[in-house]
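J.: Before I ask anything, here is the structure I am working with.
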Amino acid sequence: MTHAATSHRVHSLRHRLLFAAVAVVLAFSAFAAVEAASAHLSAPSEAMPGQSVIVSGSGFSAGQSGNLTYNGGVIERFSASRSGAFSLPFTIPKKAVPGRGRISAKTTSSKLLSTTTLAIVSTLGSTGQSAAPSSPPPSSPPPSAPVGSPGASASASTPAVPAGAASGFSHVYLIVFENHEYSQIVGSSAAPYINSLIARYGASSTFYGVRHPSEPNYLALVSGSTQGVTDDGVYNLGANNLFAQLQTAGYSWHAYEQGYPGGCFTGSSSGAVVDGPGKSGSYVRKHDPAISFTSVSGNPAECAKISNLASFDPAAAAFNFITPNLINDMHDGTIADGDSFLSAFLPKITGSAAFTNSVVFITFDEGTSNLNGGGHVLTIAISSGQTAVFSAGSTYNHYSILRTIEQAWGLPLLGSAASAPAIGFSGTASTGTSQTLLQSAALTPSATATSSPTVAVPSPTVTAAPDPTASPNPSAT
């Protein structure tokens with residue numbers, strides 16, 4: 001072969017390689033463009049300077065992380081779930097100029113993934129469009145939303161509050177105890193105070209934990225799903241949750257975690273301390289669901305809404321999530337320890353002016369059996385002006401509490417809360433026996449904290465069932 005022929009062949013090969021490389025680059029660019037085009041960002045149509053709104057993303061790559069910017073300036077970091085979605089608070093800069101603003105999702109290298117716009121206004125509603133209201137001061141009670149009122153439903157997909165369901169509570173208090181079956185508490189001589197509450201206010205005899213162990217039940221209570229969590233690990237979840245819903249809708253919230261060190265503590269546990277009523281005990285993160293959501297842990301203003309129990313103020317927030325320490329919640333302590341704690345703490349709520357038109361839910365995270373997934377647990381609903389009614393034909397779980405709260409305040413129903421039966425309320429709260437509310441349980445009425453009512457514990461035929469909304473197992477941090 002001549003030198004000229006060899007040179008020509010080499011030259012031709014170089015051209016083919018160059019064309020192939022260009023084709024690969026173009027194909028990759030096209031793929032990247034399609035991938036970026038599938039990402040979608042949404043935010044309220046309008047907001048005021050300094051207002052915190054919820055920005056949601058969908059169609060992102062699984063686990064995609066990056067920055068959320070306002071007109072090019074980085075405001076928040078985001079991290080998409082395995083389904084490619086996220087939802088988190090986003091604070092509009094106080095110096096934002098009225099007009100059109102742009103919120104964008106970008107990679108850490110500033111590659112644009114998705115963008116959306118909103119109107120920056122001086123007064124909400126001035127554009128004729130709706131927007132998420134800013135959060136009122138912590139001392140401000142939420143607006144009442146009576147049954148059938150225009151504000152009773154937050155969206156077309158959220159049913160109006162039905163007759164007989166909770167509506168427009170001024171305050172909601174949720175107290176969670178640990179690891180005891182219904183039959184261990186109801187009728188127990190170690191729990192005279194709790195049994196006196198059952199005698200006076202009634203309880204559900206068909207209420208169950210969602211699954212085992214503890215943490216998935218706490219997540220279910222506030223997000224409508226166990227979020228794929230199957231252990232008591234440390235998680236940072238980007239999923240929507242009740243705390244974010246309340247903040248967006250203008251309802252104040254606070255989590256009182258007995259023994260919590262403060263300062264947006266994100267550790268798994270802290271040492272035993274004396275903090276409010278009851279015995280000294282330890283704080284554990286797995287019983288503090290708020291800190292597991294990045295909408296709280298990633299936002300200093302929201303994270304500051306978690307505090308110890310000594311700071312409890314029944315009038316400070318509309319929604320109050322209350323967790324006793326490991327001794328007083330009966331996890332490491334006895335039934336008597338939990339009963340004594342509740343007898344000292346509950347009157348701080350029911351004896352306050354804030355309890356007017358309000359409700360206290362007292363429940364257990366899980367039982368000791370596998371009935372209906374998480375065991376048969378005791379749940380009591382105490383309302384100042386109405387009496388809780390548990391339907392004899394319904395099976396309740398933690399999603400029922402979430403649904404009842406969301407319906408009461410016109411919030412969209414999260415996850416399995418949409419299919420769970422709500423706890424009903426009717427008439428005027430009884431000051432005597434509530435035997436008719438105990439379904440099949442026969443209870444000797446008592447209004448004193450020293451009595452030990454006799455309860456016939458029903459034995460429903462049930463089977464263990466997995467959480468229908470559990471997503472693929474998340475990665476522990």
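Residues are named by chain letter and number: chains run A, B, ... in the order of the structure tokens, numbers start at 1 in each chain, and ligands are numbered from 1 in the order shown.
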If we count only C-alpha atoms, what is near Pro49 (chain A) at a cut-off of 7 Å, once residues fewer than 5 positions away on the same chain are taken out, given as a list in words?
T.: Ile92, Pro93, Lys94, Lys95, Ala96 and Ile120 of chain A
J.: With N, CA, C and O atoms retained, could you export that selection as a short mmCIF file (atom, residue, chain, number, x, y, z; two decimals), in the first residue's frame?
T.:
```
data_model
loop_
_atom_site.label_atom_id
_atom_site.label_comp_id
_atom_site.auth_asym_id
_atom_site.auth_seq_id
_atom_site.Cartn_x
_atom_site.Cartn_y
_atom_site.Cartn_z
N ILE A 92 -39.39 33.96 50.64
CA ILE A 92 -39.16 35.02 49.66
C ILE A 92 -38.29 36.09 50.32
O ILE A 92 -38.56 36.50 51.45
N PRO A 93 -37.23 36.54 49.66
CA PRO A 93 -36.36 37.57 50.27
C PRO A 93 -37.16 38.81 50.68
O PRO A 93 -38.08 39.23 49.98
N LYS A 94 -36.80 39.37 51.83
CA LYS A 94 -37.50 40.57 52.31
C LYS A 94 -37.31 41.75 51.37
O LYS A 94 -38.13 42.67 51.33
N LYS A 95 -36.21 41.73 50.60
CA LYS A 95 -35.94 42.83 49.68
C LYS A 95 -36.52 42.58 48.29
O LYS A 95 -36.23 43.33 47.35
N ALA A 96 -37.34 41.53 48.16
CA ALA A 96 -37.95 41.24 46.86
C ALA A 96 -38.80 42.43 46.40
O ALA A 96 -39.58 42.98 47.17
N ILE A 120 -45.00 38.96 43.13
CA ILE A 120 -44.63 39.52 44.42
C ILE A 120 -45.52 40.72 44.67
O ILE A 120 -45.53 41.67 43.89
#
```
J.: Quick one: residues within 12 Å of Gly333 (chain A), only C-alpha atoms, excluding same-chain residues fewer than 6 positions away - as a ChimeraX atom specification?
T.: /A:177-180,278-282,324-327,339-341
J.: Those same residues, written as a compact mmCIF listing (two decimals), in the first residue's frame with all heavy atoms?
T.:
```
# COMPACT_ATOMS: atom_id res chain seq x y z
N PHE A 177 -48.13 7.87 73.84
CA PHE A 177 -47.45 6.96 74.76
C PHE A 177 -46.92 5.76 73.97
O PHE A 177 -47.12 5.66 72.76
CB PHE A 177 -48.41 6.51 75.87
CG PHE A 177 -48.72 7.60 76.86
CD1 PHE A 177 -49.84 8.40 76.71
CD2 PHE A 177 -47.88 7.84 77.93
CE1 PHE A 177 -50.13 9.42 77.62
CE2 PHE A 177 -48.15 8.86 78.85
CZ PHE A 177 -49.28 9.64 78.68
N GLU A 178 -46.27 4.83 74.66
CA GLU A 178 -45.49 3.80 73.98
C GLU A 178 -45.81 2.35 74.37
O GLU A 178 -46.00 2.04 75.55
CB GLU A 178 -44.00 4.03 74.29
CG GLU A 178 -43.34 5.12 73.47
CD GLU A 178 -42.91 4.63 72.11
OE1 GLU A 178 -42.31 3.54 72.04
OE2 GLU A 178 -43.16 5.33 71.13
N ASN A 179 -45.85 1.51 73.33
CA ASN A 179 -45.65 0.07 73.43
C ASN A 179 -46.53 -0.69 74.41
O ASN A 179 -46.04 -1.58 75.11
CB ASN A 179 -44.18 -0.22 73.78
CG ASN A 179 -43.21 0.29 72.73
OD1 ASN A 179 -43.57 1.07 71.87
ND2 ASN A 179 -41.97 -0.15 72.80
N HIS A 180 -47.83 -0.39 74.45
CA HIS A 180 -48.73 -1.15 75.31
C HIS A 180 -50.01 -1.49 74.58
O HIS A 180 -50.60 -0.65 73.89
CB HIS A 180 -49.03 -0.40 76.61
CG HIS A 180 -47.93 -0.49 77.61
ND1 HIS A 180 -46.78 0.28 77.53
CD2 HIS A 180 -47.78 -1.28 78.71
CE1 HIS A 180 -45.97 -0.02 78.53
NE2 HIS A 180 -46.56 -0.96 79.27
N GLY A 278 -43.59 14.44 85.98
CA GLY A 278 -43.13 13.07 85.88
C GLY A 278 -41.68 12.88 86.26
O GLY A 278 -41.05 13.76 86.83
N LYS A 279 -41.16 11.71 85.92
CA LYS A 279 -39.80 11.35 86.28
C LYS A 279 -38.77 11.83 85.26
O LYS A 279 -39.10 12.15 84.12
CB LYS A 279 -39.70 9.83 86.42
CG LYS A 279 -40.49 9.25 87.58
CD LYS A 279 -40.29 7.75 87.69
CE LYS A 279 -41.04 7.16 88.89
NZ LYS A 279 -40.85 5.70 89.00
N SER A 280 -37.53 11.86 85.69
CA SER A 280 -36.42 12.18 84.79
C SER A 280 -36.30 11.08 83.74
O SER A 280 -36.48 9.90 84.04
CB SER A 280 -35.12 12.28 85.60
OG SER A 280 -34.00 12.32 84.74
N GLY A 281 -36.02 11.47 82.50
CA GLY A 281 -35.91 10.48 81.43
C GLY A 281 -35.21 11.06 80.22
O GLY A 281 -34.91 12.25 80.15
N SER A 282 -34.95 10.19 79.25
CA SER A 282 -34.21 10.58 78.05
C SER A 282 -35.14 10.96 76.90
O SER A 282 -36.26 10.46 76.77
CB SER A 282 -33.31 9.42 77.60
OG SER A 282 -32.39 9.09 78.59
N PRO A 324 -43.85 12.46 75.88
CA PRO A 324 -43.15 12.31 77.16
C PRO A 324 -41.79 11.65 76.95
O PRO A 324 -41.53 11.06 75.90
CB PRO A 324 -44.09 11.40 77.97
CG PRO A 324 -45.41 11.48 77.26
CD PRO A 324 -45.09 11.68 75.83
N ASN A 325 -40.91 11.72 77.95
CA ASN A 325 -39.61 11.06 77.82
C ASN A 325 -39.76 9.54 77.91
O ASN A 325 -40.86 9.02 78.10
CB ASN A 325 -38.63 11.59 78.88
CG ASN A 325 -39.07 11.29 80.31
OD1 ASN A 325 -39.60 10.23 80.62
ND2 ASN A 325 -38.85 12.26 81.21
N LEU A 326 -38.64 8.81 77.78
CA LEU A 326 -38.70 7.35 77.70
C LEU A 326 -39.25 6.68 78.96
O LEU A 326 -39.71 5.54 78.89
CB LEU A 326 -37.31 6.79 77.39
CG LEU A 326 -36.84 6.90 75.94
CD1 LEU A 326 -35.46 6.29 75.78
CD2 LEU A 326 -37.83 6.22 74.99
N ILE A 327 -39.20 7.36 80.09
CA ILE A 327 -39.78 6.81 81.31
C ILE A 327 -41.28 7.11 81.36
O ILE A 327 -42.11 6.22 81.55
CB ILE A 327 -39.10 7.38 82.57
CG1 ILE A 327 -37.61 7.01 82.58
CG2 ILE A 327 -39.79 6.88 83.83
CD1 ILE A 327 -37.33 5.53 82.63
N ASP A 339 -49.17 6.88 83.78
CA ASP A 339 -50.43 7.34 84.35
C ASP A 339 -50.21 8.54 85.26
O ASP A 339 -50.97 9.52 85.23
CB ASP A 339 -51.08 6.20 85.12
CG ASP A 339 -52.51 6.50 85.52
OD1 ASP A 339 -53.39 6.51 84.62
OD2 ASP A 339 -52.75 6.74 86.71
N SER A 340 -49.15 8.46 86.07
CA SER A 340 -48.82 9.57 86.98
C SER A 340 -48.45 10.82 86.20
O SER A 340 -48.85 11.93 86.55
CB SER A 340 -47.68 9.15 87.91
OG SER A 340 -47.30 10.22 88.75
N PHE A 341 -47.67 10.64 85.13
CA PHE A 341 -47.29 11.78 84.29
C PHE A 341 -48.54 12.46 83.72
O PHE A 341 -48.69 13.68 83.79
CB PHE A 341 -46.38 11.33 83.15
CG PHE A 341 -46.24 12.35 82.05
CD1 PHE A 341 -45.33 13.40 82.16
CD2 PHE A 341 -47.05 12.29 80.92
CE1 PHE A 341 -45.23 14.36 81.16
CE2 PHE A 341 -46.95 13.24 79.92
CZ PHE A 341 -46.04 14.28 80.03
```
J.: At a cut-off of 8 Å, can you tabulate as CSV every residue of region 210-299 of chain A near region 315-318 of chain A together with its closest atom pair and the distance in Å to one decimal, using only C-alpha atoms and ordering rows by chain then number?
T.:
```
residue,atom,partner,partner_atom,distance
A:Tyr251,CA,A:Ala318,CA,6.1
A:Ser252,CA,A:Ala317,CA,5.0
A:Trp253,CA,A:Ala317,CA,4.9
A:His254,CA,A:Ala317,CA,6.0
```
J.: Which polymer residues have any atom within 6 Å of an atom of Ala80 (chain A), counting only C-alpha atoms, with same-chain residues fewer than 5 positions away left out, as a list of chain:residue names?
T.: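 Returned residues: A:Gly63, A:Gln64, A:Ala85, A:Phe86.
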J.: So that I can check the surroundings of Ala353 (chain A), please list as a list in words every protein, DNA and RNA residue that reaches within 12 Å of it, counting only C-alpha atoms and ignoring chain neighbours fewer than 4 positions away.
T.: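 Returned residues: Ser170, His171, Asp313, Pro314, Ala315, Ala316, Pro347, Lys348, Ile349, Asn357, Ser358 and Ser384 of chain A.
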J.: Go ahead and compute the interatomic distance for CA of Leu371 (chain A) and CA of Ala199 (chain A), in Å to one decimal.
T.: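 Computed distance, CA of Leu371 (chain A) to CA of Ala199 (chain A), equals 24.7 Å.
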J.: So, with only C-alpha atoms as the atoms that count, which of A:Pro277, A:Gly238, A:Gly367, A:Gly202 lies closest to Thr387 (chain A)?
T.: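 Looking at the shortest contact to Thr387 (chain A), the residue is A:Gly202.
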J.: Go through A:Gln386, A:Ser58, A:Gln184, A:Ser268 and flag the residue nearest Leu113 (chain A), using only C-alpha atoms for the distances.
T.: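 Counting only C-alpha atoms, the residue closest to Leu113 (chain A) is A:Ser58.
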J.: Out of A:Leu414, A:Ile306, A:Val210, A:Cys264, which residue has the shortest atom-to-atom distance to Phe321 (chain A) when counting only C-alpha atoms?
T.: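 When distances to Phe321 (chain A) are compared using only C-alpha atoms, the smallest one comes from A:Ile306.
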